[in-house]
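Asker: Contents of my_file.json (JSON, C-alpha atoms and all ligand atoms):
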```json
[["chain", "number", "residue", "atom", "x", "y", "z"],
["A", 1, "MET", "CA", 19.13, 24.07, -33.93],
["A", 2, "SER", "CA", 15.45, 24.70, -33.13],
["A", 3, "ILE", "CA", 13.06, 21.84, -32.31],
["A", 4, "GLU", "CA", 11.24, 22.49, -35.57],
["A", 5, "GLU", "CA", 14.51, 22.17, -37.50],
["A", 6, "ILE", "CA", 15.19, 18.81, -35.80],
["A", 7, "ILE", "CA", 11.68, 17.62, -36.70],
["A", 8, "GLU", "CA", 12.14, 18.86, -40.29],
["A", 9, "GLY", "CA", 14.78, 16.20, -40.93],
["A", 10, "LEU", "CA", 12.71, 13.30, -39.54],
["A", 11, "LYS", "CA", 10.30, 10.88, -41.24],
["A", 12, "PRO", "CA", 6.68, 11.03, -39.91],
["A", 13, "ASP", "CA", 7.03, 8.04, -37.56],
["A", 14, "GLU", "CA", 10.41, 9.30, -36.37],
["A", 15, "ALA", "CA", 8.86, 12.69, -35.64],
["A", 16, "TRP", "CA", 6.11, 11.06, -33.56],
["A", 17, "ASP", "CA", 8.70, 8.97, -31.67],
["A", 18, "PHE", "CA", 10.75, 12.11, -31.10],
["A", 19, "ALA", "CA", 7.75, 13.73, -29.37],
["A", 20, "LEU", "CA", 7.14, 10.60, -27.28],
["A", 21, "ARG", "CA", 10.79, 10.49, -26.19],
["A", 22, "PHE", "CA", 10.68, 14.19, -25.40],
["A", 23, "PHE", "CA", 7.66, 13.81, -23.07],
["A", 24, "ALA", "CA", 8.76, 10.44, -21.63],
["A", 25, "SER", "CA", 12.03, 11.92, -20.44],
["A", 26, "ASP", "CA", 9.99, 13.90, -17.86],
["A", 27, "VAL", "CA", 9.05, 10.74, -15.95],
["A", 28, "LYS", "CA", 12.36, 8.85, -15.99],
["A", 29, "GLY", "CA", 13.57, 7.96, -12.51],
["A", 30, "ALA", "CA", 10.38, 9.31, -10.89],
["A", 31, "PHE", "CA", 10.37, 6.75, -8.06],
["A", 32, "ASP", "CA", 14.05, 7.42, -7.29],
["A", 33, "SER", "CA", 13.55, 11.11, -6.63],
["A", 34, "VAL", "CA", 10.29, 11.34, -4.65],
["A", 35, "GLN", "CA", 10.28, 12.24, -0.95],
["A", 36, "ARG", "CA", 6.54, 12.36, -0.21],
["A", 37, "VAL", "CA", 3.91, 10.15, -1.83],
["A", 38, "MET", "CA", 0.13, 10.40, -1.44],
["A", 39, "CYS", "CA", -1.83, 7.26, -2.31],
["A", 40, "ILE", "CA", -5.41, 8.19, -3.17],
["A", 41, "GLN", "CA", -7.37, 4.95, -3.16],
["A", 42, "PRO", "CA", -11.04, 4.00, -3.60],
["A", 43, "HIS", "CA", -11.14, 1.30, -0.91],
["A", 44, "PRO", "CA", -9.12, 0.13, 2.07],
["A", 45, "ASP", "CA", -6.88, -2.43, 0.26],
["A", 46, "ASP", "CA", -6.34, -1.17, -3.30],
["A", 47, "THR", "CA", -2.89, 0.39, -2.80],
["A", 48, "ASP", "CA", -1.63, -2.62, -0.83],
["A", 49, "ILE", "CA", -2.74, -5.07, -3.52],
["A", 50, "ALA", "CA", -1.57, -3.05, -6.52],
["A", 51, "ALA", "CA", 1.53, -1.39, -5.12],
["A", 52, "GLY", "CA", 2.34, -2.76, -1.64],
["A", 53, "GLY", "CA", 5.87, -3.77, -2.66],
["A", 54, "THR", "CA", 6.59, -0.31, -4.01],
["A", 55, "ILE", "CA", 5.19, 1.33, -0.86],
["A", 56, "ALA", "CA", 7.39, -0.86, 1.39],
["A", 57, "LYS", "CA", 10.43, -0.09, -0.77],
["A", 58, "LEU", "CA", 9.74, 3.65, -0.60],
["A", 59, "THR", "CA", 9.15, 3.83, 3.16],
["A", 60, "ASN", "CA", 12.25, 1.67, 3.72],
["A", 61, "LYS", "CA", 14.37, 4.40, 2.18],
["A", 62, "GLY", "CA", 12.72, 7.14, 4.19],
["A", 63, "VAL", "CA", 9.98, 8.32, 1.82],
["A", 64, "THR", "CA", 6.88, 9.60, 3.65],
["A", 65, "VAL", "CA", 3.70, 7.91, 2.42],
["A", 66, "VAL", "CA", 0.13, 9.03, 3.20],
["A", 67, "TYR", "CA", -2.93, 6.93, 2.39],
["A", 68, "VAL", "CA", -6.16, 8.75, 1.50],
["A", 69, "THR", "CA", -9.10, 6.35, 1.31],
["A", 70, "LEU", "CA", -12.23, 7.73, -0.33],
["A", 71, "THR", "CA", -14.86, 5.14, 0.54],
["A", 72, "ASP", "CA", -15.56, 3.08, 3.65],
["A", 73, "GLY", "CA", -15.56, -0.31, 1.86],
["A", 74, "ARG", "CA", -18.93, -1.26, 3.39],
["A", 75, "LEU", "CA", -20.02, -3.33, 0.37],
["A", 76, "GLY", "CA", -16.96, -5.54, 0.11],
["A", 77, "THR", "CA", -18.53, -8.84, 1.11],
["A", 78, "THR", "CA", -20.60, -11.68, -0.32],
["A", 79, "ASP", "CA", -21.91, -12.55, 3.17],
["A", 80, "PRO", "CA", -25.53, -11.39, 3.61],
["A", 81, "GLN", "CA", -25.09, -11.56, 7.40],
["A", 82, "MET", "CA", -22.25, -9.03, 7.41],
["A", 83, "TRP", "CA", -23.69, -5.64, 8.33],
["A", 84, "PRO", "CA", -22.23, -2.83, 6.15],
["A", 85, "GLU", "CA", -21.35, -0.54, 9.09],
["A", 86, "LYS", "CA", -19.60, -3.40, 10.85],
["A", 87, "LEU", "CA", -17.66, -4.26, 7.70],
["A", 88, "ALA", "CA", -16.59, -0.63, 7.25],
["A", 89, "ALA", "CA", -15.21, -0.59, 10.82],
["A", 90, "LEU", "CA", -13.39, -3.91, 10.30],
["A", 91, "ARG", "CA", -11.86, -2.75, 7.04],
["A", 92, "ARG", "CA", -10.55, 0.41, 8.63],
["A", 93, "LYS", "CA", -8.72, -1.71, 11.23],
["A", 94, "GLU", "CA", -7.42, -4.02, 8.48],
["A", 95, "GLN", "CA", -6.07, -1.08, 6.49],
["A", 96, "GLU", "CA", -4.39, 0.37, 9.58],
["A", 97, "GLU", "CA", -2.67, -2.97, 10.21],
["A", 98, "ALA", "CA", -1.56, -3.34, 6.57],
["A", 99, "ALA", "CA", -0.28, 0.24, 6.48],
["A", 100, "ARG", "CA", 1.80, -0.42, 9.61],
["A", 101, "ALA", "CA", 3.40, -3.45, 7.94],
["A", 102, "LEU", "CA", 4.35, -1.32, 4.92],
["A", 103, "GLY", "CA", 5.74, 1.58, 6.97],
["A", 104, "VAL", "CA", 2.86, 3.97, 6.25],
["A", 105, "LYS", "CA", 2.20, 6.16, 9.30],
["A", 106, "GLU", "CA", -0.51, 8.56, 8.16],
["A", 107, "LEU", "CA", -4.01, 7.58, 7.00],
["A", 108, "VAL", "CA", -6.80, 9.94, 5.98],
["A", 109, "TRP", "CA", -10.40, 8.71, 5.63],
["A", 110, "LEU", "CA", -13.01, 10.54, 3.55],
["A", 111, "ASN", "CA", -15.72, 7.97, 4.44],
["A", 112, "CYS", "CA", -17.83, 8.16, 1.28],
["A", 113, "ARG", "CA", -20.27, 5.30, 0.79],
["A", 114, "ASP", "CA", -18.72, 2.33, -1.02],
["A", 115, "SER", "CA", -19.80, 1.89, -4.69],
["A", 116, "GLU", "CA", -21.54, 5.29, -4.83],
["A", 117, "LEU", "CA", -18.54, 7.52, -5.55],
["A", 118, "LEU", "CA", -18.93, 10.28, -8.13],
["A", 119, "PRO", "CA", -16.28, 12.75, -9.31],
["A", 120, "THR", "CA", -17.89, 15.76, -7.60],
["A", 121, "LEU", "CA", -16.48, 19.25, -7.18],
["A", 122, "GLU", "CA", -16.62, 18.85, -3.39],
["A", 123, "LEU", "CA", -14.38, 15.77, -3.53],
["A", 124, "ARG", "CA", -11.98, 17.50, -5.93],
["A", 125, "TRP", "CA", -11.72, 20.34, -3.39],
["A", 126, "ALA", "CA", -11.20, 17.83, -0.56],
["A", 127, "LEU", "CA", -8.27, 16.28, -2.44],
["A", 128, "ILE", "CA", -6.74, 19.65, -3.40],
["A", 129, "ARG", "CA", -6.95, 20.55, 0.30],
["A", 130, "LEU", "CA", -5.05, 17.38, 1.24],
["A", 131, "ILE", "CA", -2.45, 17.84, -1.53],
["A", 132, "ARG", "CA", -1.80, 21.39, -0.33],
["A", 133, "LYS", "CA", -1.58, 20.22, 3.29],
["A", 134, "TYR", "CA", 0.76, 17.23, 2.77],
["A", 135, "LYS", "CA", 2.64, 18.58, -0.30],
["A", 136, "PRO", "CA", 3.36, 15.21, -1.96],
["A", 137, "ASP", "CA", 5.65, 15.11, -4.95],
["A", 138, "MET", "CA", 3.89, 12.00, -6.28],
["A", 139, "ILE", "CA", 0.21, 11.00, -6.31],
["A", 140, "MET", "CA", -0.54, 7.28, -6.68],
["A", 141, "THR", "CA", -4.02, 6.11, -7.76],
["A", 142, "PRO", "CA", -5.87, 3.62, -10.02],
["A", 143, "ASP", "CA", -5.86, 4.45, -13.73],
["A", 144, "PRO", "CA", -9.41, 5.77, -14.38],
["A", 145, "TRP", "CA", -8.96, 5.15, -18.11],
["A", 146, "LEU", "CA", -8.51, 1.40, -17.73],
["A", 147, "THR", "CA", -10.73, 0.02, -20.46],
["A", 148, "TYR", "CA", -13.70, -2.01, -19.14],
["A", 149, "GLU", "CA", -13.25, -0.82, -15.54],
["A", 150, "ALA", "CA", -16.81, -1.26, -14.25],
["A", 151, "HIS", "CA", -16.28, -0.14, -10.65],
["A", 152, "PRO", "CA", -17.46, 3.46, -10.32],
["A", 153, "ASP", "CA", -15.32, 4.07, -7.22],
["A", 154, "HIS", "CA", -12.16, 3.19, -9.12],
["A", 155, "ARG", "CA", -13.04, 5.38, -12.10],
["A", 156, "ALA", "CA", -14.09, 8.30, -9.88],
["A", 157, "THR", "CA", -11.04, 8.03, -7.60],
["A", 158, "GLY", "CA", -8.57, 8.05, -10.48],
["A", 159, "LEU", "CA", -10.35, 10.98, -12.13],
["A", 160, "LEU", "CA", -10.56, 12.98, -8.90],
["A", 161, "ALA", "CA", -6.89, 12.33, -8.13],
["A", 162, "ALA", "CA", -5.88, 13.45, -11.63],
["A", 163, "GLU", "CA", -8.08, 16.56, -11.40],
["A", 164, "ALA", "CA", -6.70, 17.50, -7.99],
["A", 165, "THR", "CA", -3.11, 16.93, -9.19],
["A", 166, "PHE", "CA", -3.77, 19.15, -12.17],
["A", 167, "PHE", "CA", -5.63, 21.94, -10.33],
["A", 168, "SER", "CA", -3.78, 22.12, -7.01],
["A", 169, "PRO", "CA", -1.09, 24.51, -8.41],
["A", 170, "PHE", "CA", -3.75, 26.99, -9.54],
["A", 171, "PRO", "CA", -4.12, 29.51, -6.68],
["A", 172, "HIS", "CA", -7.88, 29.94, -6.92],
["A", 173, "SER", "CA", -8.83, 26.29, -7.55],
["A", 174, "LEU", "CA", -9.77, 25.77, -3.87],
["A", 175, "PRO", "CA", -12.36, 28.27, -2.64],
["A", 176, "GLY", "CA", -11.10, 29.85, 0.57],
["A", 177, "GLY", "CA", -7.83, 27.90, 0.37],
["A", 178, "LEU", "CA", -5.50, 30.90, 0.19],
["A", 179, "GLU", "CA", -7.21, 32.56, 3.18],
["A", 180, "GLU", "CA", -6.68, 29.34, 5.17],
["A", 181, "GLY", "CA", -2.99, 29.35, 4.32],
["A", 182, "LEU", "CA", -3.29, 26.39, 1.94],
["A", 183, "SER", "CA", -0.93, 27.65, -0.71],
["A", 184, "PRO", "CA", -0.76, 26.10, -4.20],
["A", 185, "HIS", "CA", 1.28, 22.92, -4.49],
["A", 186, "ALA", "CA", 2.25, 21.08, -7.67],
["A", 187, "PRO", "CA", 2.94, 17.33, -7.36],
["A", 188, "ARG", "CA", 5.63, 16.43, -9.89],
["A", 189, "TYR", "CA", 4.19, 13.04, -10.84],
["A", 190, "ILE", "CA", 1.03, 10.99, -10.88],
["A", 191, "ALA", "CA", 1.51, 7.21, -10.92],
["A", 192, "PHE", "CA", -1.45, 5.14, -12.10],
["A", 193, "TYR", "CA", -1.65, 1.43, -11.20],
["A", 194, "TRP", "CA", -3.92, -1.15, -12.86],
["A", 195, "THR", "CA", -3.11, 0.55, -16.10],
["A", 196, "ARG", "CA", -3.22, -0.67, -19.71],
["A", 197, "LYS", "CA", 0.05, 0.95, -20.71],
["A", 198, "PRO", "CA", 2.64, 0.86, -17.93],
["A", 199, "ASN", "CA", 5.76, 2.92, -18.59],
["A", 200, "THR", "CA", 7.50, 2.40, -15.25],
["A", 201, "PHE", "CA", 8.32, -0.81, -13.38],
["A", 202, "VAL", "CA", 9.48, -1.00, -9.79],
["A", 203, "ASP", "CA", 11.61, -4.01, -8.82],
["A", 204, "VAL", "CA", 9.90, -5.30, -5.66],
["A", 205, "THR", "CA", 11.71, -8.65, -5.43],
["A", 206, "ASP", "CA", 12.93, -7.86, -1.89],
["A", 207, "TYR", "CA", 9.51, -6.65, -0.76],
["A", 208, "VAL", "CA", 7.18, -9.42, -1.93],
["A", 209, "ASP", "CA", 6.96, -11.05, 1.51],
["A", 210, "VAL", "CA", 6.12, -7.84, 3.36],
["A", 211, "LYS", "CA", 3.57, -6.96, 0.67],
["A", 212, "LEU", "CA", 1.85, -10.34, 1.00],
["A", 213, "GLU", "CA", 1.88, -9.95, 4.80],
["A", 214, "ALA", "CA", 0.17, -6.57, 4.42],
["A", 215, "VAL", "CA", -2.40, -7.94, 1.97],
["A", 216, "LYS", "CA", -3.19, -10.74, 4.45],
["A", 217, "SER", "CA", -4.30, -8.07, 6.93],
["A", 218, "HIS", "CA", -7.35, -7.56, 4.74],
["A", 219, "LYS", "CA", -9.02, -10.64, 6.18],
["A", 220, "THR", "CA", -12.57, -9.64, 5.21],
["A", 221, "GLN", "CA", -11.38, -9.48, 1.62],
["A", 222, "MET", "CA", -9.40, -12.13, -0.25],
["A", 223, "GLY", "CA", -6.34, -11.27, 1.82],
["A", 224, "ASP", "CA", -5.71, -14.63, 3.46],
["A", 225, "SER", "CA", -6.62, -16.83, 0.48],
["A", 226, "PRO", "CA", -3.71, -18.92, -0.92],
["A", 227, "ALA", "CA", -5.25, -18.68, -4.40],
["A", 228, "PHE", "CA", -5.22, -14.89, -4.22],
["A", 229, "GLU", "CA", -1.61, -14.91, -3.03],
["A", 230, "GLN", "CA", -0.67, -17.06, -6.03],
["A", 231, "LEU", "CA", -2.47, -14.66, -8.32],
["A", 232, "LEU", "CA", -0.58, -11.70, -6.88],
["A", 233, "ARG", "CA", 2.74, -13.52, -7.20],
["A", 234, "ALA", "CA", 1.99, -14.45, -10.81],
["A", 235, "TYR", "CA", 1.06, -10.85, -11.63],
["A", 236, "MET", "CA", 4.29, -9.54, -10.11],
["A", 237, "ARG", "CA", 6.27, -12.22, -11.97],
["A", 238, "ILE", "CA", 4.75, -11.20, -15.32],
["A", 239, "MET", "CA", 5.65, -7.57, -14.61],
["A", 240, "GLY", "CA", 9.08, -8.74, -13.48],
["A", 241, "LYS", "CA", 9.62, -10.41, -16.84],
["A", 242, "LEU", "CA", 8.74, -7.15, -18.59],
["A", 243, "ALA", "CA", 11.10, -5.28, -16.26],
["A", 244, "ASN", "CA", 13.90, -7.85, -16.44],
["A", 245, "CYS", "CA", 13.84, -8.67, -12.72],
["A", 246, "ARG", "CA", 12.17, -11.30, -10.52],
["A", 247, "TYR", "CA", 9.09, -9.44, -9.27],
["A", 248, "ALA", "CA", 7.86, -5.99, -10.26],
["A", 249, "GLU", "CA", 4.88, -3.68, -9.93],
["A", 250, "ALA", "CA", 3.78, -1.63, -12.93],
["A", 251, "PHE", "CA", 2.69, 1.99, -13.24],
["A", 252, "LYS", "CA", 1.93, 4.58, -15.82],
["A", 253, "VAL", "CA", 3.71, 7.67, -14.54],
["A", 254, "LEU", "CA", 2.78, 11.06, -15.96],
["A", 255, "THR", "CA", 3.41, 14.68, -15.01],
["A", 256, "PRO", "CA", 0.71, 17.38, -14.70],
["A", 257, "LEU", "CA", 1.85, 18.61, -18.13],
["A", 258, "HIS", "CA", 0.61, 15.34, -19.61],
["A", 259, "LEU", "CA", -2.83, 15.59, -17.98],
["A", 260, "HIS", "CA", -4.35, 18.18, -20.29],
["A", 261, "SER", "CA", -4.64, 18.43, -24.09],
["A", 262, "ASN", "CA", -1.70, 16.13, -24.65],
["A", 263, "GLU", "CA", -2.29, 13.56, -27.37],
["A", 264, "PHE", "CA", 1.06, 11.91, -26.67],
["A", 265, "ALA", "CA", 0.14, 11.04, -23.05],
["A", 266, "GLU", "CA", -1.50, 7.74, -23.98],
["A", 267, "GLU", "CA", 1.71, 6.41, -25.52],
["A", 268, "ILE", "CA", 4.25, 7.88, -23.14],
["B", 301, "ZN", "ZN", -11.11, -1.10, -4.85]]
```
In structure tokens, write the structure found in this file.
Answerer:
Amino acid sequence: MSIEEIIEGLKPDEAWDFALRFFASDVKGAFDSVQRVMCIQPHPDDTDIAAGGTIAKLTNKGVTVVYVTLTDGRLGTTDPQMWPEKLAALRRKEQEEAARALGVKELVWLNCRDSELLPTLELRWALIRLIRKYKPDMIMTPDPWLTYEAHPDHRATGLLAAEATFFSPFPHSLPGGLEEGLSPHAPRYIAFYWTRKPNTFVDVTDYVDVKLEAVKSHKTQMGDSPAFEQLLRAYMRIMGKLANCRYAEAFKVLTPLHLHSNEFAEEI
């Protein structure tokens, strides 16, 4: 029976659900099958806060994780006496310490100025270059389509990561890339955190402590505040309730196929 013949026998809402189920089946079990994950983050701390439990769980089972941080985090303070260059240096050390706690061995810094990030062609090329070098099968990044997200770095990072994921398989999408031996690479998944419509939950019950330890490394941020720790625990508990476990982290996982002209992607 052809797909059209199957659809023929369905009511309109059943036909729509059929399409959603068809596309959603592509992302089932994504976290169970990945071997290399690249976390493309706006600032030194975003991945640890949003997904630290998942990162610890992945590295614990031998998955290689690379952090790519786009900005230097120089604006992340309310203290007028804290000099931006000094803060950027401190935050780099904090991120290195947190990454160690989570089992992340490789960190790449693009050192753009905090709060001034734009989705430029040069940055798309920089990310395609890194994707082709490290060959991740999953990209992790903030959801740039989170409604009301006011931080330009978060919007730009998510967009750039999605663009690079989409374009990296196209041979000529990186000028000079083929001559340098950077052959096309297609990540299988992109996992967005801080997303309105999560479709994948990772049970991080056994990794909450190590996540909170890692987050505490970000001392210049809210890392060592008990109130912030409570907030993180509450968030993970809410996601745990949705996932039917104690603590969870939530993602919207898509494939490159979903990242272009796909009106079902929002609901997958
Ligand atoms: Zn951030």
Asker: From the list A:Trp145, A:Phe201, A:Phe264, A:Tyr193, which residue is nearest ligand ZN 301 (chain B) when using only C-alpha atoms and all ligand atoms?
Answerer: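 Ranked by minimum distance to ligand ZN 301 (chain B), first place goes to A:Tyr193.
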Asker: Near A:Ile139, counting all atoms listed in the file, which residues have an atom at most 9 Å away, once you skip same-chain residues fewer than 4 positions from it, shown as a list in words?
Answerer: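 Once the adjacent positions are removed, what remains is Arg36, Val37, Met38, Cys39, Ile40, Ile131, Ala161, Ala162, Thr165, Pro187, Arg188, Tyr189, Ile190, Ala191 and Phe192 of chain A.
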Asker: Those same residues - C-alpha atoms - I'd like them written as a JSON list (two decimals), in the frame of the given file.
Answerer:
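Written output follows (selection_22.json):
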```
[["chain", "number", "residue", "atom", "x", "y", "z"],
["A", 36, "ARG", "CA", 6.54, 12.36, -0.21],
["A", 37, "VAL", "CA", 3.91, 10.15, -1.83],
["A", 38, "MET", "CA", 0.13, 10.40, -1.44],
["A", 39, "CYS", "CA", -1.83, 7.26, -2.31],
["A", 40, "ILE", "CA", -5.41, 8.19, -3.17],
["A", 131, "ILE", "CA", -2.45, 17.84, -1.53],
["A", 161, "ALA", "CA", -6.89, 12.33, -8.13],
["A", 162, "ALA", "CA", -5.88, 13.45, -11.63],
["A", 165, "THR", "CA", -3.11, 16.93, -9.19],
["A", 187, "PRO", "CA", 2.94, 17.33, -7.36],
["A", 188, "ARG", "CA", 5.63, 16.43, -9.89],
["A", 189, "TYR", "CA", 4.19, 13.04, -10.84],
["A", 190, "ILE", "CA", 1.03, 10.99, -10.88],
["A", 191, "ALA", "CA", 1.51, 7.21, -10.92],
["A", 192, "PHE", "CA", -1.45, 5.14, -12.10]]
```
Asker: Identify, counting all atoms listed in the file, the protein, DNA and RNA residues located within 7 Å of ligand ZN 301 (chain B), and give them as a list in words.
Answerer: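 Within the 7 Å cut-off, the matching residues are Pro42, His43, Asp45, Asp46 and His154 of chain A.
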Asker: Mind writing the picked residues with C-alpha atoms as a compact mmCIF listing (two decimals), in the coordinates of the input?
Answerer:
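Here's the written file again.txt:
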```txt
# COMPACT_ATOMS: atom_id res chain seq x y z
CA PRO A 42 -11.04 4.00 -3.60
CA HIS A 43 -11.14 1.30 -0.91
CA ASP A 45 -6.88 -2.43 0.26
CA ASP A 46 -6.34 -1.17 -3.30
CA HIS A 154 -12.16 3.19 -9.12
```
Asker: Give me the stretch 200-226 of chain A side of the contact with stretch 102-115 of chain A, cut-off 10 Å, one line per residue showing its nearest atom pair and distance in Å at one decimal, counting all atoms listed in the file, sorted by chain and residue number, as a Markdown table.
Answerer:
```
| residue | atom | partner | partner_atom | distance |
| --- | --- | --- | --- | --- |
| A:Tyr207 | CA | A:Leu102 | CA | 9.3 |
| A:Val210 | CA | A:Leu102 | CA | 6.9 |
| A:Lys211 | CA | A:Leu102 | CA | 7.1 |
| A:Glu213 | CA | A:Leu102 | CA | 9.0 |
| A:Ala214 | CA | A:Leu102 | CA | 6.7 |
| A:Val215 | CA | A:Leu102 | CA | 9.9 |
```
Asker: Rank nothing, just name the residue among A:Ile3, A:Arg100, A:Thr220, A:Thr200 nearest to A:Asp79, using all atoms listed in the file.
Answerer: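 Answer, going by the shortest atom-to-atom distance: A:Thr220.
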Asker: Which distance in Å separates atom CA of A:Glu163 and atom CA of A:Thr147, to one decimal?
Answerer: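 Atom CA of A:Thr147 lies 19.0 Å from atom CA of A:Glu163.
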Asker: Quick one: distance from atom CA of A:Leu123 to atom CA of A:Phe170 in Å, one decimal?
Answerer: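 Separation of atom CA of A:Leu123 and atom CA of A:Phe170: 16.6 Å.
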Asker: Which residue out of A:Glu249, A:Glu122, A:Glu180, A:Asp224 has the minimum interatomic distance to A:Thr205 when all atoms listed in the file are used?
Answerer: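 Going through A:Glu249, A:Glu122, A:Glu180, A:Asp224 one by one, the smallest distance to A:Thr205 is for A:Glu249.
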Asker: Using all atoms listed in the file, what does the table of stretch 90-145 of chain A residues within 12 Å of stretch 19-31 of chain A look like, with each row giving the shortest atom pair and its distance in Å to one decimal, sorted by chain and ascending number, as a Markdown table?
Answerer:
```
| residue | atom | partner | partner_atom | distance |
| --- | --- | --- | --- | --- |
| A:Asp137 | CA | A:Ala30 | CA | 9.6 |
| A:Met138 | CA | A:Ala30 | CA | 8.4 |
| A:Ile139 | CA | A:Phe31 | CA | 11.2 |
| A:Met140 | CA | A:Phe31 | CA | 11.0 |
```
Asker: Measuring atom to atom with all atoms listed in the file, identify which of A:Asp48, A:Glu116, A:Asp203, A:Asp17 is nearest to A:Glu94.
Answerer: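 Closest to A:Glu94 of all the choices is A:Asp48.
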Asker: Could you work out how far atom CA of A:Val34 lies from atom CA of A:Ile49, giving the answer in Å with one decimal?
Answerer: 21.0 Å
Asker: So that I can see what lies close to A:Glu149, please list as a list in words the residues with an atom at most 10 Å from it, counting all atoms listed in the file and leaving out residues fewer than 6 positions away in the same chain.
Answerer: Asp143, Arg155 and Trp194 of chain A
Asker: Select, from A:Leu242, A:Ala98, A:Val204, A:Leu70, the residue with the minimum atom-to-atom distance to A:Gly158, counting all atoms listed in the file.
Answerer: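 For A:Gly158, the nearest of the given residues is A:Leu70.
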Asker: Looking at all atoms listed in the file, which of A:Lys252, A:Lys135, A:Arg196, A:His172 is the one that sits closest to A:Tyr148?
Answerer: A:Arg196
Asker: Please list as a PyMOL selection string every residue within 9 Å of A:Leu212, counting all atoms listed in the file and excluding residues in the same chain fewer than 6 positions away.
Answerer: chain A and resi 48-49+52-53+223+229+232-233
Asker: Could you give me the axis-aligned bounding box of stretch 46-63 of chain A, with 6 Å of padding per side, as centre plus edge lengths in Å to one decimal, as lines of an AutoDock Vina configuration file?
Answerer:
```
center_x = 4.0
center_y = 1.6
center_z = -1.2
size_x = 32.7
size_y = 25.4
size_z = 22.7
```
Asker: Identify, on the basis of only C-alpha atoms, every residue whose closest approach to A:Arg129 does not exceed 10 Å; exclude the query and any residue fewer than 4 positions from it along the same chain; express the result as a list in words.
Answerer: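 The neighbour list is Leu123, Arg124, Trp125, Lys133, Tyr134, Lys135, Ala164, Ser168, Ser173, Leu174, Pro175, Gly177, Leu182, Ser183, Pro184 and His185 of chain A.
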Asker: Would you mind exporting C-alpha atoms of the selected residues as an mmCIF file, in the coordinates of the input?
Answerer:
```
data_model
loop_
_atom_site.group_PDB
_atom_site.id
_atom_site.type_symbol
_atom_site.label_atom_id
_atom_site.label_comp_id
_atom_site.auth_asym_id
_atom_site.auth_seq_id
_atom_site.Cartn_x
_atom_site.Cartn_y
_atom_site.Cartn_z
ATOM 1 C CA LEU A 123 -14.380 15.770 -3.530
ATOM 2 C CA ARG A 124 -11.980 17.500 -5.930
ATOM 3 C CA TRP A 125 -11.720 20.340 -3.390
ATOM 4 C CA LYS A 133 -1.580 20.220 3.290
ATOM 5 C CA TYR A 134 0.760 17.230 2.770
ATOM 6 C CA LYS A 135 2.640 18.580 -0.300
ATOM 7 C CA ALA A 164 -6.700 17.500 -7.990
ATOM 8 C CA SER A 168 -3.780 22.120 -7.010
ATOM 9 C CA SER A 173 -8.830 26.290 -7.550
ATOM 10 C CA LEU A 174 -9.770 25.770 -3.870
ATOM 11 C CA PRO A 175 -12.360 28.270 -2.640
ATOM 12 C CA GLY A 177 -7.830 27.900 0.370
ATOM 13 C CA LEU A 182 -3.290 26.390 1.940
ATOM 14 C CA SER A 183 -0.930 27.650 -0.710
ATOM 15 C CA PRO A 184 -0.760 26.100 -4.200
ATOM 16 C CA HIS A 185 1.280 22.920 -4.490
#
```
Asker: If we count only C-alpha atoms and set the cut-off at 8 Å, which residues sit around A:Gln95, ignoring sequence neighbours fewer than 4 positions away in its own chain? Please answer as a ChimeraX atom specification.
Answerer: /A:44-45,91,99,217-218
Asker: Output requested as a compact mmCIF listing (two decimals), keeping the file's coordinate frame - stretch 4-14 of chain A, filled out with N, CA and C atoms.
Answerer:
```
# COMPACT_ATOMS: atom_id res chain seq x y z
N GLU A 4 11.88 22.66 -34.27
CA GLU A 4 11.24 22.49 -35.57
C GLU A 4 12.26 22.03 -36.63
N GLU A 5 13.47 22.57 -36.54
CA GLU A 5 14.51 22.17 -37.50
C GLU A 5 14.89 20.70 -37.31
N ILE A 6 14.90 20.24 -36.05
CA ILE A 6 15.19 18.81 -35.80
C ILE A 6 14.09 17.96 -36.43
N ILE A 7 12.82 18.38 -36.19
CA ILE A 7 11.68 17.62 -36.70
C ILE A 7 11.68 17.60 -38.24
N GLU A 8 12.12 18.72 -38.84
CA GLU A 8 12.14 18.86 -40.29
C GLU A 8 12.88 17.70 -40.95
N GLY A 9 13.95 17.24 -40.33
CA GLY A 9 14.78 16.20 -40.93
C GLY A 9 14.30 14.78 -40.65
N LEU A 10 13.17 14.64 -39.93
CA LEU A 10 12.71 13.30 -39.54
C LEU A 10 11.56 12.82 -40.43
N LYS A 11 11.48 11.48 -40.59
CA LYS A 11 10.30 10.88 -41.24
C LYS A 11 9.11 10.99 -40.28
N PRO A 12 7.85 10.83 -40.79
CA PRO A 12 6.68 11.03 -39.91
C PRO A 12 6.72 10.18 -38.64
N ASP A 13 7.04 8.87 -38.77
CA ASP A 13 7.03 8.04 -37.56
C ASP A 13 8.18 8.40 -36.63
N GLU A 14 9.28 8.85 -37.20
CA GLU A 14 10.41 9.30 -36.37
C GLU A 14 10.05 10.58 -35.62
```
